[in-house]
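Novice: My file is work.pdb. It has PDB, C-alpha atoms:
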ATOM      1  CA  MET A   1       0.000   0.000   0.000  1.00  0.00           C
ATOM      2  CA  SER A   2       1.342   3.413  -0.927  1.00  0.00           C
ATOM      3  CA  LYS A   3       1.634   6.395   1.395  1.00  0.00           C
ATOM      4  CA  PRO A   4      -1.134   9.006   1.422  1.00  0.00           C
ATOM      5  CA  ARG A   5      -0.378  12.034  -0.773  1.00  0.00           C
ATOM      6  CA  LEU A   6       0.016  14.517   2.104  1.00  0.00           C
ATOM      7  CA  GLN A   7       2.270  12.175   4.081  1.00  0.00           C
ATOM      8  CA  ALA A   8       4.615  11.817   1.105  1.00  0.00           C
ATOM      9  CA  LEU A   9       4.483  15.600   0.537  1.00  0.00           C
ATOM     10  CA  TYR A  10       5.454  16.220   4.158  1.00  0.00           C
ATOM     11  CA  GLN A  11       8.348  13.760   4.228  1.00  0.00           C
ATOM     12  CA  GLU A  12       9.838  14.617   0.844  1.00  0.00           C
ATOM     13  CA  LYS A  13       9.198  18.337   0.408  1.00  0.00           C
ATOM     14  CA  ALA A  14       7.576  20.177   3.327  1.00  0.00           C
ATOM     15  CA  ARG A  15       9.800  18.886   6.135  1.00  0.00           C
ATOM     16  CA  PRO A  16      13.140  20.004   4.618  1.00  0.00           C
ATOM     17  CA  GLU A  17      11.589  23.343   3.585  1.00  0.00           C
ATOM     18  CA  LEU A  18      10.217  23.905   7.093  1.00  0.00           C
ATOM     19  CA  GLN A  19      13.587  23.051   8.624  1.00  0.00           C
ATOM     20  CA  LYS A  20      15.255  25.743   6.525  1.00  0.00           C
ATOM     21  CA  GLN A  21      12.404  28.277   6.892  1.00  0.00           C
ATOM     22  CA  LEU A  22      12.147  27.969  10.686  1.00  0.00           C
ATOM     23  CA  GLY A  23      15.913  27.626  11.242  1.00  0.00           C
ATOM     24  CA  ILE A  24      15.709  24.302  13.072  1.00  0.00           C
ATOM     25  CA  PRO A  25      19.073  22.465  13.128  1.00  0.00           C
ATOM     26  CA  ASN A  26      17.707  18.955  13.768  1.00  0.00           C
ATOM     27  CA  ILE A  27      15.253  17.496  11.201  1.00  0.00           C
ATOM     28  CA  MET A  28      13.556  15.478  13.959  1.00  0.00           C
ATOM     29  CA  ALA A  29      12.598  18.734  15.729  1.00  0.00           C
ATOM     30  CA  VAL A  30      10.617  20.003  12.722  1.00  0.00           C
ATOM     31  CA  PRO A  31       6.901  20.286  13.635  1.00  0.00           C
ATOM     32  CA  ARG A  32       4.597  17.515  12.447  1.00  0.00           C
ATOM     33  CA  ILE A  33       0.928  16.631  12.788  1.00  0.00           C
ATOM     34  CA  VAL A  34       0.349  14.037  15.508  1.00  0.00           C
ATOM     35  CA  LYS A  35      -3.411  13.485  15.367  1.00  0.00           C
ATOM     36  CA  VAL A  36      -6.709  14.920  14.183  1.00  0.00           C
ATOM     37  CA  VAL A  37      -9.759  14.760  16.461  1.00  0.00           C
ATOM     38  CA  LEU A  38     -13.277  15.108  15.009  1.00  0.00           C
ATOM     39  CA  ASN A  39     -16.053  15.935  17.451  1.00  0.00           C
ATOM     40  CA  ILE A  40     -19.815  16.377  17.018  1.00  0.00           C
ATOM     41  CA  GLY A  41     -21.897  17.635  19.929  1.00  0.00           C
ATOM     42  CA  VAL A  42     -25.536  16.521  19.699  1.00  0.00           C
ATOM     43  CA  LYS A  43     -27.674  18.557  22.074  1.00  0.00           C
ATOM     44  CA  ASP A  44     -30.839  16.779  20.868  1.00  0.00           C
ATOM     45  CA  ALA A  45     -29.451  13.457  22.162  1.00  0.00           C
ATOM     46  CA  VAL A  46     -30.891  14.293  25.576  1.00  0.00           C
ATOM     47  CA  SER A  47     -34.457  13.868  24.283  1.00  0.00           C
ATOM     48  CA  ASN A  48     -33.895  11.875  21.067  1.00  0.00           C
ATOM     49  CA  SER A  49     -31.495   8.911  21.045  1.00  0.00           C
ATOM     50  CA  LYS A  50     -31.861   8.553  17.243  1.00  0.00           C
ATOM     51  CA  ALA A  51     -30.132  11.935  16.777  1.00  0.00           C
ATOM     52  CA  LEU A  52     -26.906  10.566  18.261  1.00  0.00           C
ATOM     53  CA  ALA A  53     -27.118   7.463  16.050  1.00  0.00           C
ATOM     54  CA  ASP A  54     -27.350   9.712  12.966  1.00  0.00           C
ATOM     55  CA  ALA A  55     -24.291  11.686  14.068  1.00  0.00           C
ATOM     56  CA  ILE A  56     -22.321   8.481  14.736  1.00  0.00           C
ATOM     57  CA  GLU A  57     -23.261   7.133  11.302  1.00  0.00           C
ATOM     58  CA  ALA A  58     -22.207  10.360   9.571  1.00  0.00           C
ATOM     59  CA  LEU A  59     -18.910  10.574  11.480  1.00  0.00           C
ATOM     60  CA  THR A  60     -18.147   6.929  10.642  1.00  0.00           C
ATOM     61  CA  VAL A  61     -18.595   7.656   6.936  1.00  0.00           C
ATOM     62  CA  ILE A  62     -16.556  10.882   7.050  1.00  0.00           C
ATOM     63  CA  ALA A  63     -13.653   9.599   9.176  1.00  0.00           C
ATOM     64  CA  GLY A  64     -13.436   6.039   7.902  1.00  0.00           C
ATOM     65  CA  GLN A  65     -13.390   4.564  11.396  1.00  0.00           C
ATOM     66  CA  LYS A  66     -15.923   4.047  14.167  1.00  0.00           C
ATOM     67  CA  PRO A  67     -16.306   6.945  16.632  1.00  0.00           C
ATOM     68  CA  VAL A  68     -16.966   6.678  20.360  1.00  0.00           C
ATOM     69  CA  ARG A  69     -19.938   8.127  22.247  1.00  0.00           C
ATOM     70  CA  CYS A  70     -19.212  11.000  24.618  1.00  0.00           C
ATOM     71  CA  GLU A  71     -21.170  11.154  27.839  1.00  0.00           C
ATOM     72  CA  ALA A  72     -21.905  14.057  30.194  1.00  0.00           C
ATOM     73  CA  ARG A  73     -19.464  14.316  33.070  1.00  0.00           C
ATOM     74  CA  LYS A  74     -21.730  16.448  35.264  1.00  0.00           C
ATOM     75  CA  SER A  75     -25.458  16.894  35.711  1.00  0.00           C
ATOM     76  CA  ILE A  76     -26.826  20.273  34.582  1.00  0.00           C
ATOM     77  CA  ALA A  77     -30.460  20.815  35.529  1.00  0.00           C
ATOM     78  CA  GLY A  78     -30.935  23.801  33.196  1.00  0.00           C
ATOM     79  CA  PHE A  79     -30.133  21.615  30.182  1.00  0.00           C
ATOM     80  CA  LYS A  80     -32.075  18.600  31.539  1.00  0.00           C
ATOM     81  CA  LEU A  81     -28.784  16.725  31.489  1.00  0.00           C
ATOM     82  CA  ARG A  82     -27.727  14.000  33.912  1.00  0.00           C
ATOM     83  CA  GLU A  83     -24.298  12.540  34.453  1.00  0.00           C
ATOM     84  CA  GLY A  84     -23.605   9.657  32.059  1.00  0.00           C
ATOM     85  CA  MET A  85     -26.134  10.689  29.381  1.00  0.00           C
ATOM     86  CA  PRO A  86     -24.781  10.508  25.812  1.00  0.00           C
ATOM     87  CA  ILE A  87     -24.298  14.016  24.369  1.00  0.00           C
ATOM     88  CA  GLY A  88     -21.903  13.639  21.450  1.00  0.00           C
ATOM     89  CA  THR A  89     -19.471  11.565  19.474  1.00  0.00           C
ATOM     90  CA  MET A  90     -15.788  11.820  18.611  1.00  0.00           C
ATOM     91  CA  VAL A  91     -13.065  10.031  16.709  1.00  0.00           C
ATOM     92  CA  THR A  92      -9.265  10.360  16.810  1.00  0.00           C
ATOM     93  CA  LEU A  93      -7.377   9.867  13.541  1.00  0.00           C
ATOM     94  CA  ARG A  94      -3.676   9.037  13.368  1.00  0.00           C
ATOM     95  CA  GLY A  95      -1.275   7.825  10.703  1.00  0.00           C
ATOM     96  CA  ALA A  96      -2.512   7.170   7.168  1.00  0.00           C
ATOM     97  CA  THR A  97      -6.202   7.773   7.946  1.00  0.00           C
ATOM     98  CA  MET A  98      -5.287  11.159   9.422  1.00  0.00           C
ATOM     99  CA  TYR A  99      -3.435  12.203   6.252  1.00  0.00           C
ATOM    100  CA  GLU A 100      -6.277  10.923   4.037  1.00  0.00           C
ATOM    101  CA  PHE A 101      -8.814  12.952   6.052  1.00  0.00           C
ATOM    102  CA  LEU A 102      -6.669  16.116   5.929  1.00  0.00           C
ATOM    103  CA  ASP A 103      -6.261  15.751   2.161  1.00  0.00           C
ATOM    104  CA  LYS A 104     -10.036  15.389   1.794  1.00  0.00           C
ATOM    105  CA  LEU A 105     -10.668  18.370   4.089  1.00  0.00           C
ATOM    106  CA  ILE A 106      -8.201  20.734   2.408  1.00  0.00           C
ATOM    107  CA  SER A 107      -8.736  19.844  -1.250  1.00  0.00           C
ATOM    108  CA  LEU A 108     -12.416  18.804  -1.405  1.00  0.00           C
ATOM    109  CA  ALA A 109     -14.501  19.867   1.601  1.00  0.00           C
ATOM    110  CA  LEU A 110     -13.365  23.405   2.456  1.00  0.00           C
ATOM    111  CA  PRO A 111     -13.608  24.688  -1.144  1.00  0.00           C
ATOM    112  CA  LYS A 112     -17.271  23.510  -1.166  1.00  0.00           C
ATOM    113  CA  VAL A 113     -18.206  25.934   1.625  1.00  0.00           C
ATOM    114  CA  ARG A 114     -20.416  28.712   0.287  1.00  0.00           C
ATOM    115  CA  ASP A 115     -18.775  32.203   0.283  1.00  0.00           C
ATOM    116  CA  PHE A 116     -15.492  30.694   1.511  1.00  0.00           C
ATOM    117  CA  GLN A 117     -12.860  33.347   2.262  1.00  0.00           C
ATOM    118  CA  GLY A 118     -10.330  31.075   3.952  1.00  0.00           C
ATOM    119  CA  VAL A 119      -9.848  29.843   7.514  1.00  0.00           C
ATOM    120  CA  SER A 120      -8.459  31.811  10.454  1.00  0.00           C
ATOM    121  CA  ARG A 121      -4.740  31.677  11.283  1.00  0.00           C
ATOM    122  CA  LYS A 122      -5.399  31.506  15.038  1.00  0.00           C
ATOM    123  CA  CYS A 123      -3.989  28.604  17.030  1.00  0.00           C
ATOM    124  CA  ASP A 124      -4.403  27.778  20.723  1.00  0.00           C
ATOM    125  CA  ARG A 125      -0.952  29.071  21.858  1.00  0.00           C
ATOM    126  CA  GLN A 126       0.309  25.483  22.085  1.00  0.00           C
ATOM    127  CA  GLY A 127       0.669  24.785  18.365  1.00  0.00           C
ATOM    128  CA  ASN A 128      -2.723  23.125  17.885  1.00  0.00           C
ATOM    129  CA  TYR A 129      -5.311  24.289  15.353  1.00  0.00           C
ATOM    130  CA  ASN A 130      -9.094  24.136  15.783  1.00  0.00           C
ATOM    131  CA  LEU A 131     -11.631  24.504  13.019  1.00  0.00           C
ATOM    132  CA  GLY A 132     -15.397  24.609  13.327  1.00  0.00           C
ATOM    133  CA  ILE A 133     -17.637  23.481  10.480  1.00  0.00           C
ATOM    134  CA  LYS A 134     -21.341  24.346  10.485  1.00  0.00           C
ATOM    135  CA  GLU A 135     -22.450  21.487   8.217  1.00  0.00           C
ATOM    136  CA  TRP A 136     -20.880  18.084   7.720  1.00  0.00           C
ATOM    137  CA  THR A 137     -22.554  17.818   4.289  1.00  0.00           C
ATOM    138  CA  ILE A 138     -19.507  19.474   2.665  1.00  0.00           C
ATOM    139  CA  PHE A 139     -17.671  16.136   2.781  1.00  0.00           C
ATOM    140  CA  PRO A 140     -17.901  14.109  -0.455  1.00  0.00           C
ATOM    141  CA  GLU A 141     -18.985  10.884   1.312  1.00  0.00           C
ATOM    142  CA  ILE A 142     -22.232  12.469   2.488  1.00  0.00           C
ATOM    143  CA  VAL A 143     -24.101  12.299  -0.829  1.00  0.00           C
ATOM    144  CA  ASP A 144     -27.245  10.396   0.116  1.00  0.00           C
ATOM    145  CA  PHE A 145     -27.882  12.178   3.420  1.00  0.00           C
ATOM    146  CA  ASP A 146     -31.578  12.313   4.291  1.00  0.00           C
ATOM    147  CA  ILE A 147     -32.776  15.929   4.345  1.00  0.00           C
ATOM    148  CA  SER A 148     -35.259  15.193   7.146  1.00  0.00           C
ATOM    149  CA  LYS A 149     -32.349  14.474   9.517  1.00  0.00           C
ATOM    150  CA  LYS A 150     -30.874  17.386  11.445  1.00  0.00           C
ATOM    151  CA  ILE A 151     -27.389  18.548  10.500  1.00  0.00           C
ATOM    152  CA  TYR A 152     -25.018  19.373  13.358  1.00  0.00           C
ATOM    153  CA  GLY A 153     -21.756  21.268  13.425  1.00  0.00           C
ATOM    154  CA  MET A 154     -18.386  19.597  13.737  1.00  0.00           C
ATOM    155  CA  ASN A 155     -15.169  20.579  15.482  1.00  0.00           C
ATOM    156  CA  ILE A 156     -11.871  19.520  13.925  1.00  0.00           C
ATOM    157  CA  SER A 157      -8.752  19.728  16.135  1.00  0.00           C
ATOM    158  CA  ILE A 158      -5.370  19.317  14.470  1.00  0.00           C
ATOM    159  CA  HIS A 159      -2.694  18.513  17.075  1.00  0.00           C
ATOM    160  CA  THR A 160       0.908  19.283  16.120  1.00  0.00           C
ATOM    161  CA  THR A 161       4.301  19.051  17.817  1.00  0.00           C
ATOM    162  CA  ALA A 162       4.918  22.777  17.155  1.00  0.00           C
ATOM    163  CA  LYS A 163       5.883  24.797  20.224  1.00  0.00           C
ATOM    164  CA  GLN A 164       4.774  28.118  18.702  1.00  0.00           C
ATOM    165  CA  ASP A 165       1.666  29.130  16.790  1.00  0.00           C
ATOM    166  CA  THR A 166       3.743  30.568  13.934  1.00  0.00           C
ATOM    167  CA  HIS A 167       5.405  27.178  13.431  1.00  0.00           C
ATOM    168  CA  ALA A 168       2.017  25.414  13.418  1.00  0.00           C
ATOM    169  CA  VAL A 169       0.635  27.859  10.835  1.00  0.00           C
ATOM    170  CA  ALA A 170       3.758  27.400   8.670  1.00  0.00           C
ATOM    171  CA  LEU A 171       3.292  23.615   8.861  1.00  0.00           C
ATOM    172  CA  LEU A 172      -0.367  23.803   7.850  1.00  0.00           C
ATOM    173  CA  GLU A 173       0.490  26.210   5.010  1.00  0.00           C
ATOM    174  CA  LYS A 174       2.863  23.572   3.612  1.00  0.00           C
ATOM    175  CA  PHE A 175      -0.064  21.128   3.561  1.00  0.00           C
ATOM    176  CA  GLY A 176      -2.088  23.678   1.608  1.00  0.00           C
ATOM    177  CA  MET A 177      -4.516  24.838   4.314  1.00  0.00           C
ATOM    178  CA  PRO A 178      -6.498  27.730   2.751  1.00  0.00           C
ATOM    179  CA  PHE A 179      -5.829  30.509   5.274  1.00  0.00           C
ATOM    180  CA  LYS A 180      -7.319  33.990   4.941  1.00  0.00           C
ATOM    181  CA  SER A 181      -4.940  36.396   3.273  1.00  0.00           C
ATOM    182  CA  VAL A 182      -3.375  38.793   5.744  1.00  0.00           C
TER     183      VAL A 182
END
I'd like the structure from this file rewritten - as structure tokens, please.
Specialist:
Amino acid sequence: MSKPRLQALYQEKARPELQKQLGIPNIMAVPRIVKVVLNIGVKDAVSNSKALADAIEALTVIAGQKPVRCEARKSIAGFKLREGMPIGTMVTLRGATMYEFLDKLISLALPKVRDFQGVSRKCDRQGNYNLGIKEWTIFPEIVDFDISKKIYGMNISIHTTAKQDTHAVALLEKFGMPFKSV
């Protein structure tokens, strides 16, 4: 089996360029992507257990692996939420599946967003990048999605080994992340 396109791009082209650009003497210290976490919060799961099943099914198709259910840690009376109730789903991608997902996100899904101007350059001060998507229907696998089902937002967290936000942004630029122009 061959390497995913973005993994080969990183190892052959982006990594040496980043080493020179960031002035890092050791090639092993060059920032890299460790994992990608996809998360869907389903607030309707409190009253409708089918809503969570729909989100799990969609996330399975998008990510290519089975997600886990997330349960409430604390009871919150205002939200009619009790400890242990299912409220969302998440999946962690690593290795080849992570690179395949990133390739799909950058080259297929984000350009499908209506009135797309680019994504923010903001990171979380620890070299990780978070991206919120309002509809998961932008992914090419979701072609026969039933319109009667509710569409939820999705959070995508890209975890890197970068120590600074500027290094994380430079890494994601090498992968072709469509950032807003400054």
Novice: Quick one: of A:Leu171, A:Glu100, A:Gly118, A:Pro86, who's nearest to Ser2 (chain A), counting only C-alpha atoms?
Specialist: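 Of A:Leu171, A:Glu100, A:Gly118, A:Pro86, the one nearest Ser2 (chain A), counting only C-alpha atoms, is A:Glu100.
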Novice: Find the residues near Arg5 (chain A): any atom within 8 Å, counting all atoms listed in the file, skip ones fewer than 2 places away on the same chain, and give them as a ChimeraX atom specification.
Specialist: /A:3,7-9,99-100,103
Novice: So that I can check the surroundings of Pro140 (chain A), please list as a list in words every protein, DNA and RNA residue that reaches within 10 Å of it, counting all atoms listed in the file and ignoring chain neighbours fewer than 2 positions away.
Specialist: Val61, Ile62, Lys104, Leu105, Leu108, Ala109, Lys112, Trp136, Thr137, Ile138, Ile142 and Val143 of chain A
Novice: Using all atoms listed in the file, pick whichever of A:Lys43, A:Lys174, A:Lys163, A:Lys80 has the shortest atom-to-atom distance to Asp124 (chain A).
Specialist: A:Lys163
Novice: For Val169 (chain A), which of A:Ile33, A:Val42, A:Ile27, A:Leu59 is the closest residue, counting only C-alpha atoms?
Specialist: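 Closest to Val169 (chain A), using only C-alpha atoms: A:Ile33.
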Novice: Evaluate the PyMOL selection byres ((chain A and resi 133) around 7) and record the selected residues as a VMD selection string, following the chain and residue labels used in the document.
Specialist: chain A and resid 131 to 132 134 to 136 153 to 155
Novice: Output C-alpha atoms for every residue in the selection just made, as a PDB file, keeping the file's coordinate frame.
Specialist:
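The result, stored in out16.pdb:
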ATOM      1  CA  LEU A 131     -11.631  24.504  13.019  1.00  0.00           C
ATOM      2  CA  GLY A 132     -15.397  24.609  13.327  1.00  0.00           C
ATOM      3  CA  LYS A 134     -21.341  24.346  10.485  1.00  0.00           C
ATOM      4  CA  GLU A 135     -22.450  21.487   8.217  1.00  0.00           C
ATOM      5  CA  TRP A 136     -20.880  18.084   7.720  1.00  0.00           C
ATOM      6  CA  GLY A 153     -21.756  21.268  13.425  1.00  0.00           C
ATOM      7  CA  MET A 154     -18.386  19.597  13.737  1.00  0.00           C
ATOM      8  CA  ASN A 155     -15.169  20.579  15.482  1.00  0.00           C
TER       9      ASN A 155
END
Novice: Neighbourhood query: residues within 12 Å of (-13.7, 30.1, 1.6), file coordinates, counting all atoms listed in the file; return as a list in words.
Specialist: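 I get Ile106, Ser107, Leu108, Ala109, Leu110, Pro111, Lys112, Val113, Arg114, Asp115, Phe116, Gln117, Gly118, Val119, Ser120, Ile133, Met177, Pro178, Phe179, Lys180 and Ser181 of chain A for the residues within 12 Å of that point.
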Novice: By how many Å are CA of Gly41 (chain A) and CA of Gly88 (chain A) apart?
Specialist: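 CA of Gly88 (chain A) lies at a distance of 4.3 Å from CA of Gly41 (chain A).
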Novice: Find the residues around His167 (chain A) up to 9 Å (all atoms listed in the file counted), leave out those fewer than 5 positions away in its own chain, and share them as a PyMOL selection string.
Specialist: chain A and resi 18+22+30-31+127+162+172
Novice: For CA of Ala55 (chain A) and CA of Val34 (chain A), quote the distance in Å rounded to one decimal.
Specialist: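 If I compute the distance from CA of Ala55 (chain A) to CA of Val34 (chain A), I get 24.8 Å.
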Novice: May I have the residues within 7 Å of Ile56 (chain A) as a short mmCIF file (atom, residue, chain, number, x, y, z; two decimals) with C-alpha atoms, keeping the file's coordinate frame, using all atoms listed in the file and disregarding those fewer than 4 positions away in the same chain?
Specialist:
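As written to disk, out07.cif reads:
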data_model
loop_
_atom_site.label_atom_id
_atom_site.label_comp_id
_atom_site.auth_asym_id
_atom_site.auth_seq_id
_atom_site.Cartn_x
_atom_site.Cartn_y
_atom_site.Cartn_z
CA LEU A 52 -26.91 10.57 18.26
CA THR A 60 -18.15 6.93 10.64
CA PRO A 67 -16.31 6.94 16.63
CA THR A 89 -19.47 11.56 19.47
#
